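**Q** I am sharing protein_38.pdb, which consists of PDB, C-alpha atoms:
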```pdb
ATOM      1  CA  MET S   1      23.144 -24.406 -37.350
ATOM      2  CA  LYS S   2      22.915 -27.960 -36.037
ATOM      3  CA  ASN S   3      19.502 -29.193 -35.052
ATOM      4  CA  ASP S   4      18.988 -29.800 -31.374
ATOM      5  CA  LYS S   5      17.032 -33.017 -31.140
ATOM      6  CA  ASN S   6      16.894 -32.785 -27.336
ATOM      7  CA  ASN S   7      14.890 -29.532 -27.493
ATOM      8  CA  HIS S   8      11.111 -29.494 -27.946
ATOM      9  CA  TYR S   9      11.303 -26.838 -30.683
ATOM     10  CA  ARG S  10      11.610 -28.030 -34.278
ATOM     11  CA  VAL S  11      14.174 -26.158 -36.306
ATOM     12  CA  ASN S  12      14.938 -25.853 -40.026
ATOM     13  CA  GLU S  13      14.695 -29.261 -41.794
ATOM     14  CA  GLN S  14      12.910 -30.746 -38.760
ATOM     15  CA  ILE S  15       9.850 -28.781 -39.880
ATOM     16  CA  ARG S  16       8.176 -31.034 -42.449
ATOM     17  CA  VAL S  17       4.752 -29.450 -42.945
ATOM     18  CA  ARG S  18       3.714 -28.062 -46.331
ATOM     19  CA  GLU S  19       3.468 -24.400 -45.274
ATOM     20  CA  VAL S  20       4.102 -22.211 -42.230
ATOM     21  CA  ARG S  21       3.116 -18.798 -40.928
ATOM     22  CA  ILE S  22       6.110 -16.517 -40.475
ATOM     23  CA  VAL S  23       5.663 -13.883 -37.757
ATOM     24  CA  GLY S  24       7.865 -10.871 -37.133
ATOM     25  CA  ASP S  25       7.875  -7.197 -36.262
ATOM     26  CA  SER S  26       6.224  -6.309 -39.562
ATOM     27  CA  GLY S  27       3.356  -8.790 -39.181
ATOM     28  CA  SER S  28       2.782 -12.320 -40.425
ATOM     29  CA  THR S  29       2.576 -14.152 -43.719
ATOM     30  CA  VAL S  30       1.876 -17.732 -44.833
ATOM     31  CA  VAL S  31       4.493 -19.222 -47.162
ATOM     32  CA  PRO S  32       5.557 -22.721 -48.274
ATOM     33  CA  THR S  33       8.010 -24.265 -45.831
ATOM     34  CA  ARG S  34      10.689 -24.572 -48.552
ATOM     35  CA  GLN S  35      10.430 -20.845 -49.188
ATOM     36  CA  ALA S  36      10.638 -20.111 -45.464
ATOM     37  CA  LEU S  37      13.858 -22.170 -45.242
ATOM     38  CA  ASP S  38      15.340 -20.221 -48.164
ATOM     39  CA  MET S  39      14.432 -16.944 -46.414
ATOM     40  CA  ALA S  40      16.195 -18.127 -43.259
ATOM     41  CA  ARG S  41      19.359 -19.023 -45.159
ATOM     42  CA  GLU S  42      19.386 -15.679 -46.959
ATOM     43  CA  GLN S  43      19.167 -13.831 -43.628
ATOM     44  CA  GLY S  44      21.713 -16.097 -41.927
ATOM     45  CA  VAL S  45      19.256 -17.224 -39.258
ATOM     46  CA  ASP S  46      17.135 -20.288 -38.455
ATOM     47  CA  LEU S  47      13.522 -21.215 -39.059
ATOM     48  CA  VAL S  48      12.139 -21.961 -35.572
ATOM     49  CA  GLU S  49       8.678 -23.447 -35.008
ATOM     50  CA  ILE S  50       7.178 -21.711 -31.963
ATOM     51  CA  SER S  51       3.544 -22.833 -32.212
ATOM     52  CA  PRO S  52       3.246 -26.310 -33.780
ATOM     53  CA  ASN S  53      -0.491 -26.751 -33.058
ATOM     54  CA  ALA S  54      -1.567 -23.701 -35.036
ATOM     55  CA  GLN S  55      -2.922 -24.081 -38.569
ATOM     56  CA  PRO S  56      -0.526 -23.603 -40.230
ATOM     57  CA  PRO S  57       2.274 -23.867 -37.621
ATOM     58  CA  VAL S  58       3.768 -20.529 -36.559
ATOM     59  CA  CYS S  59       7.496 -19.963 -37.070
ATOM     60  CA  ARG S  60      10.039 -17.221 -36.570
ATOM     61  CA  LEU S  61      13.178 -16.321 -38.472
ATOM     62  CA  ILE S  62      15.708 -15.950 -35.687
ATOM     63  CA  ASP S  63      19.082 -17.171 -34.522
ATOM     64  CA  TYR S  64      18.272 -20.383 -32.662
ATOM     65  CA  SER S  65      20.886 -19.820 -29.955
ATOM     66  CA  LYS S  66      19.520 -16.329 -29.339
ATOM     67  CA  PHE S  67      15.983 -17.719 -29.255
ATOM     68  CA  LEU S  68      16.895 -20.295 -26.600
ATOM     69  CA  TYR S  69      18.701 -17.644 -24.572
ATOM     70  CA  GLN S  70      15.614 -15.430 -24.616
ATOM     71  CA  GLN S  71      13.417 -18.338 -23.541
ATOM     72  CA  LYS S  72      15.704 -19.222 -20.614
ATOM     73  CA  LYS S  73      15.960 -15.569 -19.577
ATOM     74  CA  ARG S  74      12.179 -15.173 -19.626
ATOM     75  CA  ALA S  75      11.697 -18.355 -17.583
ATOM     76  CA  LYS S  76      14.271 -17.158 -15.057
ATOM     77  CA  GLU S  77      12.514 -13.799 -14.686
ATOM     78  CA  LEU S  78       9.155 -15.470 -14.154
ATOM     79  CA  LYS S  79      10.640 -17.756 -11.528
ATOM     80  CA  ALA S  80      12.195 -14.797  -9.729
ATOM     81  CA  LYS S  81       8.814 -13.041  -9.613
ATOM     82  CA  GLN S  82       7.106 -16.030  -8.075
ATOM     83  CA  VAL S  83       6.686 -15.663  -4.323
ATOM     84  CA  LYS S  84       7.739 -18.702  -2.356
ATOM     85  CA  GLN S  85       4.615 -19.837  -0.593
ATOM     86  CA  GLU S  86       4.863 -21.659   2.704
ATOM     87  CA  VAL S  87       2.270 -23.393   4.833
ATOM     88  CA  LYS S  88       2.120 -21.945   8.340
ATOM     89  CA  GLU S  89       0.509 -23.926  11.149
ATOM     90  CA  ILE S  90      -1.762 -22.558  13.859
ATOM     91  CA  ARG S  91      -2.589 -24.953  16.676
ATOM     92  CA  PHE S  92      -5.574 -24.751  18.988
ATOM     93  CA  GLY S  93      -6.903 -26.761  21.874
ATOM     94  CA  PRO S  94     -10.639 -27.533  21.972
ATOM     95  CA  GLN S  95     -11.048 -25.024  24.822
ATOM     96  CA  THR S  96      -8.733 -22.204  23.720
ATOM     97  CA  ASP S  97      -9.294 -19.015  25.740
ATOM     98  CA  GLU S  98     -10.052 -15.647  24.138
ATOM     99  CA  HIS S  99      -6.594 -14.149  24.709
ATOM    100  CA  ASP S 100      -4.822 -17.092  23.074
ATOM    101  CA  TYR S 101      -7.333 -17.085  20.223
ATOM    102  CA  ASN S 102      -6.752 -13.411  19.422
ATOM    103  CA  PHE S 103      -2.977 -13.887  19.638
ATOM    104  CA  LYS S 104      -3.083 -16.684  17.059
ATOM    105  CA  LEU S 105      -5.586 -14.808  14.918
ATOM    106  CA  LYS S 106      -3.118 -11.917  14.672
ATOM    107  CA  HIS S 107      -0.327 -14.257  13.527
ATOM    108  CA  ALA S 108      -2.607 -15.894  10.956
ATOM    109  CA  LYS S 109      -3.423 -12.472   9.467
ATOM    110  CA  GLU S 110       0.292 -11.737   9.131
ATOM    111  CA  PHE S 111       0.937 -15.109   7.474
ATOM    112  CA  LEU S 112      -1.819 -14.570   4.917
ATOM    113  CA  GLU S 113      -0.758 -10.977   4.210
ATOM    114  CA  ASP S 114       2.746 -12.289   3.479
ATOM    115  CA  GLY S 115       1.283 -14.638   0.871
ATOM    116  CA  ASN S 116       1.533 -17.860   2.889
ATOM    117  CA  LYS S 117      -1.102 -20.518   3.386
ATOM    118  CA  VAL S 118      -2.438 -21.295   6.848
ATOM    119  CA  ARG S 119      -3.242 -24.730   8.206
ATOM    120  CA  ALA S 120      -5.141 -24.335  11.451
ATOM    121  CA  PHE S 121      -5.998 -27.371  13.509
ATOM    122  CA  VAL S 122      -7.506 -28.350  16.830
ATOM    123  CA  PHE S 123      -5.692 -31.140  18.647
ATOM    124  CA  PHE S 124      -7.869 -33.419  20.737
ATOM    125  CA  ARG S 125      -5.962 -35.074  23.553
ATOM    126  CA  GLY S 126      -7.498 -38.112  25.251
ATOM    127  CA  ARG S 127     -11.139 -37.650  26.181
ATOM    128  CA  SER S 128     -11.183 -34.129  24.710
ATOM    129  CA  ILE S 129     -12.256 -35.790  21.437
ATOM    130  CA  LEU S 130     -15.738 -35.540  22.942
ATOM    131  CA  PHE S 131     -15.540 -31.806  22.228
ATOM    132  CA  LYS S 132     -14.994 -32.154  18.485
ATOM    133  CA  GLU S 133     -18.114 -30.061  17.742
ATOM    134  CA  GLN S 134     -16.635 -27.290  19.881
ATOM    135  CA  GLY S 135     -13.410 -27.541  17.886
ATOM    136  CA  GLU S 136     -15.312 -27.268  14.621
ATOM    137  CA  VAL S 137     -17.109 -24.135  15.823
ATOM    138  CA  LEU S 138     -13.766 -22.613  16.792
ATOM    139  CA  LEU S 139     -12.269 -23.263  13.347
ATOM    140  CA  LEU S 140     -15.331 -21.883  11.570
ATOM    141  CA  ARG S 141     -15.093 -18.721  13.681
ATOM    142  CA  PHE S 142     -11.409 -18.543  12.806
ATOM    143  CA  ALA S 143     -12.202 -18.744   9.088
ATOM    144  CA  ASN S 144     -14.897 -16.080   9.392
ATOM    145  CA  ASP S 145     -12.565 -13.679  11.225
ATOM    146  CA  LEU S 146     -10.002 -14.119   8.439
ATOM    147  CA  GLU S 147     -12.334 -13.811   5.449
ATOM    148  CA  GLU S 148     -10.776 -10.468   4.439
ATOM    149  CA  TYR S 149      -7.316 -12.027   4.317
ATOM    150  CA  GLY S 150      -7.801 -15.603   3.132
ATOM    151  CA  LYS S 151     -10.231 -17.966   1.496
ATOM    152  CA  VAL S 152     -11.120 -21.428   2.742
ATOM    153  CA  GLU S 153      -9.515 -24.244   0.758
ATOM    154  CA  GLN S 154     -10.876 -27.009   2.970
ATOM    155  CA  MET S 155     -13.590 -26.814   5.599
ATOM    156  CA  PRO S 156     -12.898 -28.315   9.055
ATOM    157  CA  ALA S 157     -12.292 -32.046   8.720
ATOM    158  CA  LEU S 158     -11.290 -34.546  11.394
ATOM    159  CA  GLU S 159      -8.163 -36.589  10.703
ATOM    160  CA  GLY S 160      -7.316 -38.856  13.604
ATOM    161  CA  LYS S 161      -6.989 -36.673  16.706
ATOM    162  CA  LYS S 162      -6.740 -33.450  14.713
ATOM    163  CA  MET S 163      -9.340 -31.338  12.966
ATOM    164  CA  PHE S 164      -7.843 -29.281  10.118
ATOM    165  CA  LEU S 165      -8.872 -26.082   8.350
ATOM    166  CA  TYR S 166      -6.916 -24.855   5.297
ATOM    167  CA  LEU S 167      -6.777 -21.204   4.207
ATOM    168  CA  SER S 168      -5.014 -19.624   1.237
ATOM    169  CA  PRO S 169      -4.236 -15.904   0.903
ATOM    170  CA  LYS S 170      -6.370 -13.589  -1.121
ATOM    171  CA  LYS S 171      -4.709 -11.425  -3.743
ATOM    172  CA  VAL S 172      -3.046  -8.375  -2.297
ATOM    173  CA  GLY S 173      -5.064  -5.208  -2.638
ATOM    174  CA  VAL S 174      -8.332  -6.900  -3.569
ATOM    175  CA  ALA S 175      -9.406  -8.273  -0.234
ATOM    176  CA  LYS S 176     -13.180  -8.025  -0.087
ATOM    177  CA  LYS S 177     -14.677  -6.455   3.008
ATOM    178  CA  SER S 178     -17.066  -8.599   4.987
ATOM    179  CA  GLN S 179     -20.705  -7.567   5.121
ATOM    180  CA  GLN S 180     -20.412  -7.079   8.881
ATOM    181  CA  LYS S 181     -17.510  -4.665   8.471
ATOM    182  CA  MET S 182     -19.279  -2.721   5.717
ATOM    183  CA  ASP S 183     -22.392  -2.400   7.916
ATOM    184  CA  ARG S 184     -20.265  -1.261  10.847
ATOM    185  CA  GLU S 185     -18.449   1.363   8.745
ATOM    186  CA  ARG S 186     -21.770   2.605   7.346
ATOM    187  CA  LYS S 187     -23.226   3.017  10.846
ATOM    188  CA  GLU S 188     -20.111   4.851  12.028
ATOM    189  CA  ALA S 189     -20.311   7.207   9.048
ATOM    190  CA  GLU S 190     -24.014   7.875   9.687
ATOM    191  CA  ALA S 191     -23.353   8.520  13.383
ATOM    192  CA  LYS S 192     -20.548  10.949  12.526
ATOM    193  CA  ALA S 193     -22.726  12.799  10.012
ATOM    194  CA  SER S 194     -25.570  13.013  12.546
ATOM    195  CA  LYS S 195     -23.230  14.396  15.218
ATOM    196  CA  GLU S 196     -21.878  17.025  12.830
ATOM    197  CA  ALA S 197     -25.417  18.011  11.840
ATOM    198  CA  GLU S 198     -26.382  18.429  15.509
ATOM    199  CA  GLY S 199     -23.330  20.614  16.072
ATOM    200  CA  GLU S 200     -24.207  22.837  13.116
ATOM    201  CA  ALA S 201     -27.819  23.130  14.322
ATOM    202  CA  LYS S 202     -26.619  24.146  17.785
ATOM    203  CA  VAL S 203     -24.365  26.831  16.370
ATOM    204  CA  THR S 204     -27.214  28.115  14.193
ATOM    205  CA  THR S 205     -29.613  28.190  17.147
ATOM    206  CA  ASN S 206     -27.176  30.017  19.406
ATOM    207  CA  GLY S 207     -26.464  32.486  16.629
ATOM    208  CA  GLY S 208     -30.169  33.117  16.197
ATOM    209  CA  LEU S 209     -30.722  33.725  19.913
ATOM    210  CA  PHE S 210     -27.768  36.035  20.030
ATOM    211  CA  ALA S 211     -29.039  37.962  17.026
ATOM    212  CA  ASN S 212     -32.541  38.266  18.507
ATOM    213  CA  ALA S 213     -31.129  39.497  21.793
ATOM    214  CA  LYS S 214     -28.956  42.043  20.023
ATOM    215  CA  ASN S 215     -31.850  43.289  17.879
ATOM    216  CA  GLY S 216     -34.044  43.626  20.975
ATOM    217  CA  ALA S 217     -31.384  45.642  22.794
ATOM    218  CA  ASP S 218     -30.986  47.948  19.816
ATOM    219  CA  ALA S 219     -34.743  48.484  19.616
ATOM    220  CA  LEU S 220     -34.924  49.266  23.350
ATOM    221  CA  LYS S 221     -32.052  51.751  23.030
ATOM    222  CA  LYS S 222     -33.812  53.593  20.161
ATOM    223  CA  LEU S 223     -37.080  53.734  22.144
ATOM    224  CA  ASN S 224     -35.360  55.270  25.152
ATOM    225  CA  SER S 225     -33.588  57.791  22.944
ATOM    226  CA  SER S 226     -36.879  58.833  21.357
ATOM    227  CA  SER S 227     -38.509  59.266  24.772
ATOM    228  CA  ASP S 228     -35.708  61.561  25.937
ATOM    229  CA  ASN S 229     -36.086  63.745  22.857
ATOM    230  CA  ASN S 230     -39.827  64.177  23.436
ATOM    231  CA  LYS S 231     -39.364  65.390  26.965
TER
END
```
Translate the structure described by the file into C-alpha cells.

**A**
Amino acid sequence: MKNDKNNHYRVNEQIRVREVRIVGDSGSTVVPTRQALDMAREQGVDLVEISPNAQPPVCRLIDYSKFLYQQKKRAKELKAKQVKQEVKEIRFGPQTDEHDYNFKLKHAKEFLEDGNKVRAFVFFRGRSILFKEQGEVLLLRFANDLEEYGKVEQMPALEGKKMFLYLSPKKVGVAKKSQQKMDRERKEAEAKASKEAEGEAKVTTNGGLFANAKNGADALKKLNSSSDNNK
C-alpha cells in the first residue's frame, strides 16, 4: 500500500528505527524492523506505528485503510457521546426580591442538571453601583444554594457595570449533599424515630392498663363466686 505522508502515522518503510514491538491479540513481541516488514508482507497487511514514543515504538500488523477507518469511527463515536455544553445566563438586579430570586434559582438548577454552565451576574444601573457589596452577597448566596448542582469556576468579580459569577455542572449522580442538608435530614430522621418510639410506648402503656383492669375484674369475679359458695 502507498504511504500516506499527510497522516501522522508512519507506515511500512517510513518506520526507520532498528526494532519495534508488535502487538496483537496473542500478545506482544520485540523484533527487528526488517523482520516486522517481512511479516507484514507475508500476511498481506501493513506495518503501522501506533505509539512512536514508546521504547521500542509499538506497531500493529493491520490493513492501513482498515486502521484509519477504525480510528475515524472511534473518533466519531466519542464526538457523538460528548454533550454539547452551553453557557446559560441568569441576570439579577442589586435589589432582587425573594420571589424573583427563587424563580431564577429554579432555572439555574435545571440548566446545571442538563449539563450546561451558568453565568450569573448582577447589573448595576447608574447609582446602583453603590450597592456592589449587596450584589456580591447575592451571588455568593446563589452559589451556596446551588452547591449540590454546580461548582464555582469564578468567584464574584466586577467587570464594568456587571458583577459575574461562573458555575459549572457537577457530574450527574455524584452531587455531594451540603452539610446543612445532611444535618436537616438527620434531624428529621431522629424526630421521626422519636415519634414512632412515643407511639409504641403509648400502645404498650394502654395495653398494660387494659391488662391490669381485665385481671382485676377476673379476680373480683372469682372472689364473688367463692363467697356465694360459702353461703

**Q** Provide the atom CA of Asn116 of chain S to atom CA of Gly160 of chain S distance in Å, to one decimal place.

**A**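 Taking atom CA of Asn116 of chain S and atom CA of Gly160 of chain S, their separation equals 25.2 Å.
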
**Q** Which residue is closest to Asp46 of chain S? Choose from S:Val87, S:Ala120, S:Leu61, S:Ile22 and count only C-alpha atoms.

**A**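 Looking at the shortest contact to Asp46 of chain S, the residue is S:Leu61.
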
**Q** Kindly give the distance, in Å, that separates atom CA of Pro94 of chain S and atom CA of Lys109 of chain S, rounded to a single decimal.

**A**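 So the two atoms, atom CA of Pro94 of chain S and atom CA of Lys109 of chain S, lie 20.9 Å apart.
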
**Q** Could you check how far atom CA of Phe123 of chain S sits from atom CA of Asp97 of chain S, in Å to one decimal?

**A**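 Separation between atom CA of Phe123 of chain S and atom CA of Asp97 of chain S: 14.5 Å.
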
**Q** Could you give me, as an MDAnalysis selection string, the residues that have an atom at most 9 Å away from the point (21.4, -17.9, -39.0) in the coordinates of the file, using all atoms listed in the file?

**A** chainID S and resid 1 40:47 61:64

**Q** Add whatever atoms are absent from segment 85-96 of chain S to reach all heavy atoms, and provide the output as a PDB file, keeping the file's coordinate frame.

**A**
```pdb
ATOM      1  N   GLN S  85       5.754 -19.706  -1.497  1.00  0.00           N
ATOM      2  CA  GLN S  85       4.615 -19.837  -0.593  1.00  0.00           C
ATOM      3  C   GLN S  85       4.843 -20.978   0.393  1.00  0.00           C
ATOM      4  O   GLN S  85       5.162 -22.088   0.002  1.00  0.00           O
ATOM      5  CB  GLN S  85       3.335 -20.084  -1.397  1.00  0.00           C
ATOM      6  CG  GLN S  85       2.060 -19.948  -0.581  1.00  0.00           C
ATOM      7  CD  GLN S  85       0.830 -20.122  -1.450  1.00  0.00           C
ATOM      8  OE1 GLN S  85       0.644 -21.163  -2.071  1.00  0.00           O
ATOM      9  NE2 GLN S  85      -0.017 -19.108  -1.514  1.00  0.00           N
ATOM     10  N   GLU S  86       4.697 -20.662   1.654  1.00  0.00           N
ATOM     11  CA  GLU S  86       4.863 -21.659   2.704  1.00  0.00           C
ATOM     12  C   GLU S  86       3.519 -21.935   3.373  1.00  0.00           C
ATOM     13  O   GLU S  86       2.578 -21.157   3.248  1.00  0.00           O
ATOM     14  CB  GLU S  86       5.870 -21.162   3.756  1.00  0.00           C
ATOM     15  CG  GLU S  86       7.262 -20.912   3.204  1.00  0.00           C
ATOM     16  CD  GLU S  86       8.222 -20.425   4.264  1.00  0.00           C
ATOM     17  OE1 GLU S  86       7.817 -20.382   5.446  1.00  0.00           O
ATOM     18  OE2 GLU S  86       9.366 -20.085   3.927  1.00  0.00           O
ATOM     19  N   VAL S  87       3.463 -23.043   4.072  1.00  0.00           N
ATOM     20  CA  VAL S  87       2.270 -23.393   4.833  1.00  0.00           C
ATOM     21  C   VAL S  87       2.584 -23.205   6.319  1.00  0.00           C
ATOM     22  O   VAL S  87       3.446 -23.886   6.867  1.00  0.00           O
ATOM     23  CB  VAL S  87       1.820 -24.846   4.562  1.00  0.00           C
ATOM     24  CG1 VAL S  87       0.587 -25.175   5.404  1.00  0.00           C
ATOM     25  CG2 VAL S  87       1.514 -25.050   3.083  1.00  0.00           C
ATOM     26  N   LYS S  88       1.914 -22.247   6.932  1.00  0.00           N
ATOM     27  CA  LYS S  88       2.120 -21.945   8.340  1.00  0.00           C
ATOM     28  C   LYS S  88       1.040 -22.630   9.174  1.00  0.00           C
ATOM     29  O   LYS S  88      -0.127 -22.634   8.799  1.00  0.00           O
ATOM     30  CB  LYS S  88       2.071 -20.440   8.581  1.00  0.00           C
ATOM     31  CG  LYS S  88       3.097 -19.644   7.777  1.00  0.00           C
ATOM     32  CD  LYS S  88       4.503 -19.904   8.259  1.00  0.00           C
ATOM     33  CE  LYS S  88       5.494 -18.977   7.569  1.00  0.00           C
ATOM     34  NZ  LYS S  88       6.875 -19.150   8.049  1.00  0.00           N
ATOM     35  N   GLU S  89       1.449 -23.195  10.295  1.00  0.00           N
ATOM     36  CA  GLU S  89       0.509 -23.926  11.149  1.00  0.00           C
ATOM     37  C   GLU S  89       0.085 -23.090  12.351  1.00  0.00           C
ATOM     38  O   GLU S  89       0.891 -22.400  12.967  1.00  0.00           O
ATOM     39  CB  GLU S  89       1.121 -25.238  11.628  1.00  0.00           C
ATOM     40  CG  GLU S  89       1.142 -26.323  10.577  1.00  0.00           C
ATOM     41  CD  GLU S  89       1.401 -27.706  11.172  1.00  0.00           C
ATOM     42  OE1 GLU S  89       1.867 -27.790  12.328  1.00  0.00           O
ATOM     43  OE2 GLU S  89       1.122 -28.694  10.483  1.00  0.00           O
ATOM     44  N   ILE S  90      -1.187 -23.177  12.664  1.00  0.00           N
ATOM     45  CA  ILE S  90      -1.762 -22.558  13.859  1.00  0.00           C
ATOM     46  C   ILE S  90      -2.465 -23.666  14.642  1.00  0.00           C
ATOM     47  O   ILE S  90      -3.363 -24.321  14.121  1.00  0.00           O
ATOM     48  CB  ILE S  90      -2.778 -21.461  13.510  1.00  0.00           C
ATOM     49  CG1 ILE S  90      -2.118 -20.339  12.691  1.00  0.00           C
ATOM     50  CG2 ILE S  90      -3.401 -20.899  14.782  1.00  0.00           C
ATOM     51  CD1 ILE S  90      -1.139 -19.494  13.446  1.00  0.00           C
ATOM     52  N   ARG S  91      -2.033 -23.854  15.876  1.00  0.00           N
ATOM     53  CA  ARG S  91      -2.589 -24.953  16.676  1.00  0.00           C
ATOM     54  C   ARG S  91      -3.486 -24.422  17.784  1.00  0.00           C
ATOM     55  O   ARG S  91      -3.161 -23.463  18.466  1.00  0.00           O
ATOM     56  CB  ARG S  91      -1.441 -25.777  17.285  1.00  0.00           C
ATOM     57  CG  ARG S  91      -1.898 -26.840  18.279  1.00  0.00           C
ATOM     58  CD  ARG S  91      -0.743 -27.691  18.735  1.00  0.00           C
ATOM     59  NE  ARG S  91      -1.126 -28.592  19.821  1.00  0.00           N
ATOM     60  CZ  ARG S  91      -0.373 -29.583  20.274  1.00  0.00           C
ATOM     61  NH1 ARG S  91       0.827 -29.800  19.733  1.00  0.00           N
ATOM     62  NH2 ARG S  91      -0.785 -30.365  21.255  1.00  0.00           N
ATOM     63  N   PHE S  92      -4.625 -25.083  17.931  1.00  0.00           N
ATOM     64  CA  PHE S  92      -5.574 -24.751  18.988  1.00  0.00           C
ATOM     65  C   PHE S  92      -5.856 -25.982  19.844  1.00  0.00           C
ATOM     66  O   PHE S  92      -5.688 -27.122  19.386  1.00  0.00           O
ATOM     67  CB  PHE S  92      -6.917 -24.275  18.406  1.00  0.00           C
ATOM     68  CG  PHE S  92      -6.861 -22.957  17.694  1.00  0.00           C
ATOM     69  CD1 PHE S  92      -6.840 -22.909  16.302  1.00  0.00           C
ATOM     70  CD2 PHE S  92      -6.835 -21.773  18.402  1.00  0.00           C
ATOM     71  CE1 PHE S  92      -6.800 -21.706  15.630  1.00  0.00           C
ATOM     72  CE2 PHE S  92      -6.801 -20.552  17.731  1.00  0.00           C
ATOM     73  CZ  PHE S  92      -6.774 -20.520  16.352  1.00  0.00           C
ATOM     74  N   GLY S  93      -6.313 -25.718  21.051  1.00  0.00           N
ATOM     75  CA  GLY S  93      -6.903 -26.761  21.874  1.00  0.00           C
ATOM     76  C   GLY S  93      -8.415 -26.619  21.768  1.00  0.00           C
ATOM     77  O   GLY S  93      -8.906 -25.563  21.363  1.00  0.00           O
ATOM     78  N   PRO S  94      -9.177 -27.629  22.103  1.00  0.00           N
ATOM     79  CA  PRO S  94     -10.639 -27.533  21.972  1.00  0.00           C
ATOM     80  C   PRO S  94     -11.260 -26.471  22.865  1.00  0.00           C
ATOM     81  O   PRO S  94     -12.373 -26.027  22.621  1.00  0.00           O
ATOM     82  CB  PRO S  94     -11.128 -28.939  22.352  1.00  0.00           C
ATOM     83  CG  PRO S  94     -10.019 -29.511  23.175  1.00  0.00           C
ATOM     84  CD  PRO S  94      -8.749 -28.936  22.628  1.00  0.00           C
ATOM     85  N   GLN S  95     -10.521 -26.035  23.903  1.00  0.00           N
ATOM     86  CA  GLN S  95     -11.048 -25.024  24.822  1.00  0.00           C
ATOM     87  C   GLN S  95     -10.072 -23.852  24.920  1.00  0.00           C
ATOM     88  O   GLN S  95      -9.711 -23.410  26.006  1.00  0.00           O
ATOM     89  CB  GLN S  95     -11.312 -25.643  26.199  1.00  0.00           C
ATOM     90  CG  GLN S  95     -12.387 -26.729  26.166  1.00  0.00           C
ATOM     91  CD  GLN S  95     -12.613 -27.379  27.518  1.00  0.00           C
ATOM     92  OE1 GLN S  95     -11.682 -27.530  28.297  1.00  0.00           O
ATOM     93  NE2 GLN S  95     -13.849 -27.760  27.792  1.00  0.00           N
ATOM     94  N   THR S  96      -9.657 -23.335  23.771  1.00  0.00           N
ATOM     95  CA  THR S  96      -8.733 -22.204  23.720  1.00  0.00           C
ATOM     96  C   THR S  96      -9.408 -20.950  24.279  1.00  0.00           C
ATOM     97  O   THR S  96     -10.542 -20.637  23.910  1.00  0.00           O
ATOM     98  CB  THR S  96      -8.290 -21.946  22.268  1.00  0.00           C
ATOM     99  OG1 THR S  96      -7.629 -23.118  21.776  1.00  0.00           O
ATOM    100  CG2 THR S  96      -7.338 -20.762  22.188  1.00  0.00           C
TER     101      THR S  96
END
```
